[in-house]
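Participant: Take a look at this one; I'll ask things after.
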Amino acid sequence: MKKLRGILAGLCAVPLVLAVAACAPGQVEGGDQPEAPVGSFNPADYAGETLEYMYFTDGPDEQATRDLIKKFETEYDVTVKLEVLPYSDLVTSTLNRLSAGNAPDVIRLTALTDFRDDLLILDPYLGEDYSDEFLAGPQLAVINDQKQMIAVPSDLTLNGPFVNVDLFNAAGVEIPDKWTWPEMIDKAKQVKEATGIPYAFAMDKSGHRLSTVLSQYGTYMLNSEGNALNQEKAVAALQPLIDMMANDDMPADFWLGSGSRYEGANEIFLAGETPIYLSGNWQVGQFVKNAGFDWAVASNPCAEQCGGFPGGKFMAAFKQSKNPALAAEFLRFMNDTQNQEQFVTVSGQLPTRSDLSKVGLTYADPATQAAMDVFLADLVITPEAGFAANGNPAFSPSATVLVDEVAKVVGGKKDLKTAMADLSVQIDDLVAEIDQ
Amino acid sequence: MTASQTRTASPRRKTWASGAWKTKLAPYLFLLPNMAIFATFTIYPAINGFNMSLYSSSNGRTFKWEGLGNYQKILTDQEFWGVARNTVIYTVSFVVLATVFALLIATLVNAQGRGKTFFRAVFFVPVLVSPVAVGLIWNWILERQNGLLNTALGGIGLGPVPWLVNPAWAMVAIIMVGVWMQTGFYMLILLAGLQSIDPVLFEAAKMDGASAWRQFRSITLPMLSPSMAVVVILATIHGFQSFDFIWTLTGGGPVGATTLMVQYIYENGFESPIRYGIATAGGVLLFIAVFILTMINWAVSRRQEAV
């Protein structure tokens with residue numbers, strides 16, 4: 001009897017499962033997306049309204065953002081709710097909210113990849129020429145395939161090397177104004193030997209940082225069309241790093257093990273265990289505050305070409321926003337000349353606006369100013385191909401694959417040539433997947 | 001006999017009139033709130049997960065029909081087979097070691113005249129620690145250059161072990177930490193089983209001259225087999241589902257050597273580019289594997305009970 005009951009229960013469950021499975025779990029692809037309403041902005045129409053801004057912070061930028069929000073609220077008589085999330089939760093949380101039809105109005109992002117189809121097209125609200133207010137490089141990431149603007153580049157970052165001036169002085173090694181990769185590595189090793197510190201060189205475990213080296217050796221994972229990797233140049237670029245890890249001049253453990261998939265080597269630099277640390281301008285604020293030694297930003301080393309590798313953050317509004325015109329106006333306000341200047345100088349970032357880049361900026365203290373001047377000088381000579389690479393939606397997942405492949409080489413599972421060939425295949429796959 | 005008399009005489013009518021249906025219905029009413037929660041938050045997501053595994057989606061809102069395409073992609077993905085291999089190695093080692101250590105500790109604790117509660121609590125403490133904290137603490141202990149364990153090994157003249165940077169040692173490290181973290185829980189189950197064995201059996205065996213080992217083999221182990229079955233089933237499920245402490249301890253590295261099935265699912269479902277279809281198909285495959293193993297465990301333990 002019990003058996004019969006079980007069989008009956010099973011028979012009932014099967015059609016139930018099949019019935020549920022017969023329905024798509026959401027909207028089937030191919031359906032038309034509603035067109036974003038085109039509106040003209042009249043501040044009085046929005047008095048008393050509320051905007052929600054989903055945000056992640058690197059530190060000092062949060063207060064700068066809060067100050068600007070206060071100014072916006074006063075000028076427009078609206079309320080902006082700032083929701084600060086840990087960076088690791090931002091994408092998942094926002095996707096869940098989009099699924100529930102409850103998206104925030106505005107968001108701060110490092111990459112647009114996962115949201116491209118959900119972002120508000122800004123041209124009807126801000127004008128088709130609005131994107132021209134920004135530098136050509138950062139523009140590449142925010143213009144979609146239909147040549148429409150879907151986000152505003154709100155700040156710019158540039159990768160570059162930090163040097164421990166005290167260690168260089170102790171070793172009697174000079175820090176030049178310009179250097180090549182072999183010269184930089186040679187000097188780093190001299191400092192390590194003379195001072196007895198554990199490492200000569202450190203860099204973050206990041207595909208974005210590795211892209212700096214690729215760029216200097218004349219290749220990129222991507223261009224605006226797709227895969228752009230020159231495998232020979234990539235091998236030439238990464239071999240010195242692999243060799244340094246094999247010789248304990250660079251912390252190999254850091255690339256192989258230890259916890260989270262994305263780790264900063266800033267602690268190694270702050271502990272005075274390496275004379276050179278390849279990272280980016282967002283570290284300036286914390287080094288000003290926490291470094292117990294004299295440090296400086298050095299020029300990026302040159303190989304086939306000079307300059308750094310760009311990154312940055314974006315502000316975007318969602319199509320789901322109840323007040324798209326107000327959301328677009330908020331983006332414009334936060335990124336007008338005066339407000340972007342306030343934001344980037346307080347938070348230690350580089351400007352994305354053409355006018356601010358031309359006039360130069362005054363940062364909060366001399367140490368920050370000195371560091372940012374070097375980054376700004378490198379920005380001028382950074383090839384535009386770097387912006388195209390970083391702006392490709394497949395960049396972020398390709399960067400993860402690059403880190404995995406380099407780790408396999410460091411772990412002795414592959415040789416570098418094979419790893420770069422495998423990387424190239426995976427970049428092709430990712431480009432095809434994201435273009436679907 | 002009238003028609004109404006016939007109806008009064010019907011057993012169904014009698015049950016209704018006497019209110020016996022209330023007694024029958026009451027348990028279901030008490031169960032209803034829990035069942036509603038279970039159906040909403042477990043059954044429905046599970047069925048919907050299976051459904052999603054037949055589609056591809058990068059945003060969880062728009063879906064493209066794939067049929068069994070996601071399963072085909074997973075089963076032809078080299079990375080998946082590497083992850084499956086890691087998962088099997090981890091789970092088998094974890095189940096064997098956790099069960100053996102739990103049995104050993106439970107036997108030792110049970111043999112204590114005094115302090116039984118104290119030792120029970122001591123071995124149970126790791127179960128109470130958050131898995132994320134466990135990962136971070138052991139990361140600190142196992143660090144190659146300045147970690148506590150290598151410093152201690154150095155103190156007795158042994159060279160540093162690359163716990164988290166060598167693929168083989170990293171697998172040893174996660175098994176070791178997993179066993180450390182869960183053994184206390186399984187020990188409690190086995191201890192309860194040990195305490196339910198009638199002491200008269202041991203006294204009789206002693207009188208017959210049975211050695212301690214013979215008593216253990218012929219009385220303790222057979223009498224403990226239902227508890228052992230529970231432990232093995234729970235440990236198998238736990239082994240297959242391990243993720244959180246490994247994520248904070250090794251991040252699945254070095255070079256994927258400690259990436260297990262749940263991390264594979266997590267990375268597909270939550271890391272760019274997001275692939276909900278692949279992630280849910282991975283979840284379904286994991287469910288099937290755990291379900292089959294649980295059924296086998298259950299059938300074997302029932303057969304043993306019958307013998």
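Labels used: A, B, ... for chains in the order of the structure tokens, numbers from 1 for residues in each chain, and numbers from 1 for ligands as shown.
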Using only C-alpha atoms, which protein or nucleic acid residues come within 7 Å of Lys187 of chain A? Drop anything in the same chain fewer than 4 positions from it, and give the result as a ChimeraX atom specification.
Facilitator: /A:173,183,191
Participant: Would you save the residues from that selection as a short mmCIF file (atom, residue, chain, number, x, y, z; two decimals), in the first residue's frame, using N, CA and C atoms?
Facilitator:
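Wrote again_37.cif, looks like this:
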data_model
loop_
_atom_site.label_atom_id
_atom_site.label_comp_id
_atom_site.auth_asym_id
_atom_site.auth_seq_id
_atom_site.Cartn_x
_atom_site.Cartn_y
_atom_site.Cartn_z
N VAL A 173 70.41 53.72 -5.22
CA VAL A 173 69.96 53.54 -6.62
C VAL A 173 69.09 54.73 -7.00
N GLU A 183 65.38 48.04 -17.53
CA GLU A 183 66.04 48.97 -16.59
C GLU A 183 65.31 48.96 -15.24
N VAL A 191 68.03 47.17 -5.62
CA VAL A 191 67.53 47.64 -4.32
C VAL A 191 67.27 46.45 -3.41
#
Participant: Might you pull out every residue within 8 Å of Thr352 of chain A, with only C-alpha atoms counted and same-chain residues fewer than 6 positions away left off, and present them as a ChimeraX atom specification?
Facilitator: /A:134-135,138,153-156
Participant: In Å, how far is it from atom CA of Ser357 of chain A to atom CA of Val152 of chain A?
Facilitator: 16.0 Å
Participant: Show me, as a VMD selection string, the residues that have an atom within 12 Å of Gln72 of chain B when counting only C-alpha atoms, minus same-chain residues fewer than 4 positions from it.
Facilitator: chain B and resid 53 to 54 66 to 68 76 to 78 80 277 to 278 281 to 282 285
Participant: Considering only C-alpha atoms, extract the chain B residues located within 7 Å of chain A and return them as a list of chain:residue names.
Facilitator: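 Within 7 Å of chain A on chain B, we get B:Ile47, B:Asn48, B:Asn51, B:Met52, B:Asn59, B:Gly60, B:Arg61, B:Thr62, B:Phe63, B:Lys64, B:Asn139, B:Leu164, B:Val165, B:Trp247, B:Thr248, B:Leu249, B:Thr250, B:Gly251, B:Gly253, B:Pro254, B:Val255, B:Phe270, B:Ser272, B:Pro273.
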Participant: Determine, counting only C-alpha atoms, which protein, DNA and RNA residues have an atom within 7 Å of an atom of Val232 of chain B; residues of the same chain fewer than 4 positions away are not included. Present the result as a ChimeraX atom specification.
Facilitator: /B:95,99,228,236
Participant: Those same residues - N, CA and C atoms - I'd like them written as a PDB file, in the first residue's frame.
Facilitator:
ATOM      1  N   VAL B  95      34.605  12.315   3.851  1.00  0.00           N
ATOM      2  CA  VAL B  95      33.659  11.378   4.476  1.00  0.00           C
ATOM      3  C   VAL B  95      34.422  10.340   5.293  1.00  0.00           C
ATOM      4  N   THR B  99      34.368  10.578   9.383  1.00  0.00           N
ATOM      5  CA  THR B  99      33.668   9.485  10.064  1.00  0.00           C
ATOM      6  C   THR B  99      34.623   8.761  11.023  1.00  0.00           C
ATOM      7  N   MET B 228      25.953   5.528  12.112  1.00  0.00           N
ATOM      8  CA  MET B 228      27.037   5.659  11.120  1.00  0.00           C
ATOM      9  C   MET B 228      26.447   6.000   9.744  1.00  0.00           C
ATOM     10  N   THR B 236      28.493  13.018   3.240  1.00  0.00           N
ATOM     11  CA  THR B 236      28.533  13.000   1.769  1.00  0.00           C
ATOM     12  C   THR B 236      27.878  14.261   1.207  1.00  0.00           C
TER      13      THR B 236
END
Participant: Using DSSP assignments from the backbone, pull out every residue in segment 91-246 of chain A that falls under strand (DSSP E or B) and give it to me as a PDB file with C-alpha atoms, in the first residue's frame.
Facilitator:
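Writing done, so here's result31.pdb:
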ATOM      1  CA  VAL A 106      21.264  55.492 -10.886  1.00  0.00           C
ATOM      2  CA  ILE A 107      24.294  53.265 -10.344  1.00  0.00           C
ATOM      3  CA  ARG A 108      28.077  53.575 -10.142  1.00  0.00           C
ATOM      4  CA  LEU A 109      29.898  50.807 -12.031  1.00  0.00           C
ATOM      5  CA  LEU A 119      20.868  51.105 -19.145  1.00  0.00           C
ATOM      6  CA  PHE A 134      34.437  63.859 -22.346  1.00  0.00           C
ATOM      7  CA  ILE A 143      28.837  54.281 -26.500  1.00  0.00           C
ATOM      8  CA  MET A 149      25.466  56.963 -24.965  1.00  0.00           C
ATOM      9  CA  VAL A 152      28.786  58.766 -18.229  1.00  0.00           C
ATOM     10  CA  PRO A 153      32.501  58.195 -17.563  1.00  0.00           C
ATOM     11  CA  SER A 154      32.683  59.714 -14.092  1.00  0.00           C
ATOM     12  CA  ASP A 155      36.336  59.272 -13.257  1.00  0.00           C
ATOM     13  CA  LEU A 156      39.431  57.923 -14.863  1.00  0.00           C
ATOM     14  CA  THR A 157      42.124  55.690 -13.416  1.00  0.00           C
ATOM     15  CA  LEU A 158      45.558  54.930 -14.760  1.00  0.00           C
ATOM     16  CA  ASN A 159      47.910  52.110 -13.793  1.00  0.00           C
ATOM     17  CA  GLY A 160      51.477  52.928 -12.881  1.00  0.00           C
ATOM     18  CA  PRO A 161      54.368  52.027 -10.588  1.00  0.00           C
ATOM     19  CA  PHE A 162      54.825  53.296  -7.024  1.00  0.00           C
ATOM     20  CA  VAL A 163      58.365  53.367  -5.673  1.00  0.00           C
ATOM     21  CA  ASN A 164      59.644  53.260  -2.106  1.00  0.00           C
ATOM     22  CA  THR A 180      62.429  50.694 -19.825  1.00  0.00           C
ATOM     23  CA  PHE A 201      58.696  43.887  -7.515  1.00  0.00           C
ATOM     24  CA  ALA A 202      55.015  43.397  -6.675  1.00  0.00           C
ATOM     25  CA  MET A 203      51.799  43.886  -8.585  1.00  0.00           C
ATOM     26  CA  LEU A 222      40.898  43.272 -27.169  1.00  0.00           C
ATOM     27  CA  ASN A 227      40.272  39.656 -30.015  1.00  0.00           C
TER      28      ASN A 227
END
Participant: My list of candidates is B:Gly239, B:Arg302, B:Leu234, B:Ile197. Which is closest to Ile219 of chain B when distances are computed with only C-alpha atoms?
Facilitator: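 The shortest atom-to-atom distance to Ile219 of chain B comes from B:Ile197.
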Participant: Go through A:Trp181, A:Tyr87, A:Phe309, A:Phe330 and flag the residue nearest Glu52 of chain A, using only C-alpha atoms for the distances.
Facilitator: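 Of the candidates, the smallest distance to Glu52 of chain A is held by A:Phe330.
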Participant: Find the spatial neighbours of His238 of chain B, counting only C-alpha atoms, within a cut-off of 12 Å - ignore same-chain residues fewer than 5 positions away - and output them as a PyMOL selection string.
Facilitator: chain B and resi 87+90-92+94-95+98+178-179+181-183+185-186+231-233+243-244+261-262+286+290+294
Participant: Given the selection you just returned, output its residues as a file containing N, CA and C atoms, formatted as a PDB file, in the first residue's frame.
Facilitator:
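part38.pdb was written with the following content:
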ATOM      1  N   THR B  87      36.063  17.440  -6.620  1.00  0.00           N
ATOM      2  CA  THR B  87      34.932  17.263  -5.702  1.00  0.00           C
ATOM      3  C   THR B  87      34.895  15.829  -5.165  1.00  0.00           C
ATOM      4  N   TYR B  90      37.828  15.309  -2.742  1.00  0.00           N
ATOM      5  CA  TYR B  90      37.548  15.987  -1.467  1.00  0.00           C
ATOM      6  C   TYR B  90      36.476  15.235  -0.678  1.00  0.00           C
ATOM      7  N   THR B  91      35.379  14.879  -1.361  1.00  0.00           N
ATOM      8  CA  THR B  91      34.238  14.291  -0.644  1.00  0.00           C
ATOM      9  C   THR B  91      34.604  12.921  -0.066  1.00  0.00           C
ATOM     10  N   VAL B  92      35.252  12.078  -0.875  1.00  0.00           N
ATOM     11  CA  VAL B  92      35.608  10.737  -0.382  1.00  0.00           C
ATOM     12  C   VAL B  92      36.553  10.869   0.815  1.00  0.00           C
ATOM     13  N   PHE B  94      36.991  13.426   2.777  1.00  0.00           N
ATOM     14  CA  PHE B  94      36.292  14.080   3.886  1.00  0.00           C
ATOM     15  C   PHE B  94      35.385  13.086   4.618  1.00  0.00           C
ATOM     16  N   VAL B  95      34.605  12.315   3.851  1.00  0.00           N
ATOM     17  CA  VAL B  95      33.659  11.378   4.476  1.00  0.00           C
ATOM     18  C   VAL B  95      34.422  10.340   5.293  1.00  0.00           C
ATOM     19  N   ALA B  98      36.393  12.183   8.303  1.00  0.00           N
ATOM     20  CA  ALA B  98      35.481  12.767   9.308  1.00  0.00           C
ATOM     21  C   ALA B  98      34.770  11.654  10.079  1.00  0.00           C
ATOM     22  N   GLY B 178      38.253  20.998   6.524  1.00  0.00           N
ATOM     23  CA  GLY B 178      36.868  20.514   6.473  1.00  0.00           C
ATOM     24  C   GLY B 178      36.610  19.495   7.572  1.00  0.00           C
ATOM     25  N   VAL B 179      37.535  18.570   7.751  1.00  0.00           N
ATOM     26  CA  VAL B 179      37.385  17.538   8.787  1.00  0.00           C
ATOM     27  C   VAL B 179      37.402  18.197  10.170  1.00  0.00           C
ATOM     28  N   MET B 181      36.529  21.111  10.967  1.00  0.00           N
ATOM     29  CA  MET B 181      35.344  21.930  11.174  1.00  0.00           C
ATOM     30  C   MET B 181      34.098  21.096  11.481  1.00  0.00           C
ATOM     31  N   GLN B 182      33.978  19.912  10.888  1.00  0.00           N
ATOM     32  CA  GLN B 182      32.715  19.164  10.971  1.00  0.00           C
ATOM     33  C   GLN B 182      32.743  17.946  11.892  1.00  0.00           C
ATOM     34  N   THR B 183      33.942  17.478  12.253  1.00  0.00           N
ATOM     35  CA  THR B 183      34.022  16.237  13.028  1.00  0.00           C
ATOM     36  C   THR B 183      33.208  16.311  14.319  1.00  0.00           C
ATOM     37  N   PHE B 185      30.444  17.692  14.987  1.00  0.00           N
ATOM     38  CA  PHE B 185      29.010  17.463  14.770  1.00  0.00           C
ATOM     39  C   PHE B 185      28.723  15.968  14.609  1.00  0.00           C
ATOM     40  N   TYR B 186      29.548  15.310  13.799  1.00  0.00           N
ATOM     41  CA  TYR B 186      29.346  13.863  13.589  1.00  0.00           C
ATOM     42  C   TYR B 186      29.652  13.096  14.876  1.00  0.00           C
ATOM     43  N   VAL B 231      25.637   9.582   9.660  1.00  0.00           N
ATOM     44  CA  VAL B 231      26.864  10.384   9.550  1.00  0.00           C
ATOM     45  C   VAL B 231      27.406  10.341   8.124  1.00  0.00           C
ATOM     46  N   VAL B 232      27.442   9.146   7.532  1.00  0.00           N
ATOM     47  CA  VAL B 232      27.997   9.027   6.181  1.00  0.00           C
ATOM     48  C   VAL B 232      27.132   9.806   5.182  1.00  0.00           C
ATOM     49  N   ILE B 233      25.809   9.701   5.341  1.00  0.00           N
ATOM     50  CA  ILE B 233      24.925  10.435   4.412  1.00  0.00           C
ATOM     51  C   ILE B 233      25.120  11.946   4.573  1.00  0.00           C
ATOM     52  N   PHE B 243      31.882  24.832   0.130  1.00  0.00           N
ATOM     53  CA  PHE B 243      32.228  26.005  -0.681  1.00  0.00           C
ATOM     54  C   PHE B 243      32.794  27.141   0.163  1.00  0.00           C
ATOM     55  N   ASP B 244      32.001  27.571   1.177  1.00  0.00           N
ATOM     56  CA  ASP B 244      32.290  28.839   1.847  1.00  0.00           C
ATOM     57  C   ASP B 244      33.691  28.947   2.450  1.00  0.00           C
ATOM     58  N   MET B 261      32.570  21.708  -6.935  1.00  0.00           N
ATOM     59  CA  MET B 261      31.377  21.878  -7.779  1.00  0.00           C
ATOM     60  C   MET B 261      30.586  23.152  -7.447  1.00  0.00           C
ATOM     61  N   VAL B 262      30.403  23.433  -6.164  1.00  0.00           N
ATOM     62  CA  VAL B 262      29.567  24.595  -5.811  1.00  0.00           C
ATOM     63  C   VAL B 262      30.248  25.887  -6.274  1.00  0.00           C
ATOM     64  N   LEU B 286      24.656  18.325  -9.745  1.00  0.00           N
ATOM     65  CA  LEU B 286      25.112  18.108  -8.362  1.00  0.00           C
ATOM     66  C   LEU B 286      24.010  17.426  -7.552  1.00  0.00           C
ATOM     67  N   VAL B 290      24.336  13.805  -5.655  1.00  0.00           N
ATOM     68  CA  VAL B 290      24.117  13.666  -4.206  1.00  0.00           C
ATOM     69  C   VAL B 290      22.930  12.743  -3.946  1.00  0.00           C
ATOM     70  N   THR B 294      23.128   9.311  -1.875  1.00  0.00           N
ATOM     71  CA  THR B 294      22.321   9.213  -0.653  1.00  0.00           C
ATOM     72  C   THR B 294      21.427   7.979  -0.701  1.00  0.00           C
TER      73      THR B 294
END
Participant: Could you state the separation of atom CA of Gly193 of chain B and atom CA of Lys206 of chain B in Å, given to one decimal place?
Facilitator: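 Separating atom CA of Gly193 of chain B from atom CA of Lys206 of chain B is a distance of 20.4 Å.
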Participant: Hey, what does DSSP flag as helix (DSSP H, G or I) within segment 229-375 of chain A? Can you give it to me as an MDAnalysis selection string?
Facilitator: chainID A and resid 231:246 252:256 266:270 281:290 324:334 337:347 354:359 366:375
Participant: Find the distance between atom CA of Glu304 of chain A and atom CA of Ile175 of chain A and write it in Å to one decimal.
Facilitator: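 About the pair atom CA of Glu304 of chain A and atom CA of Ile175 of chain A: they are 20.8 Å apart.
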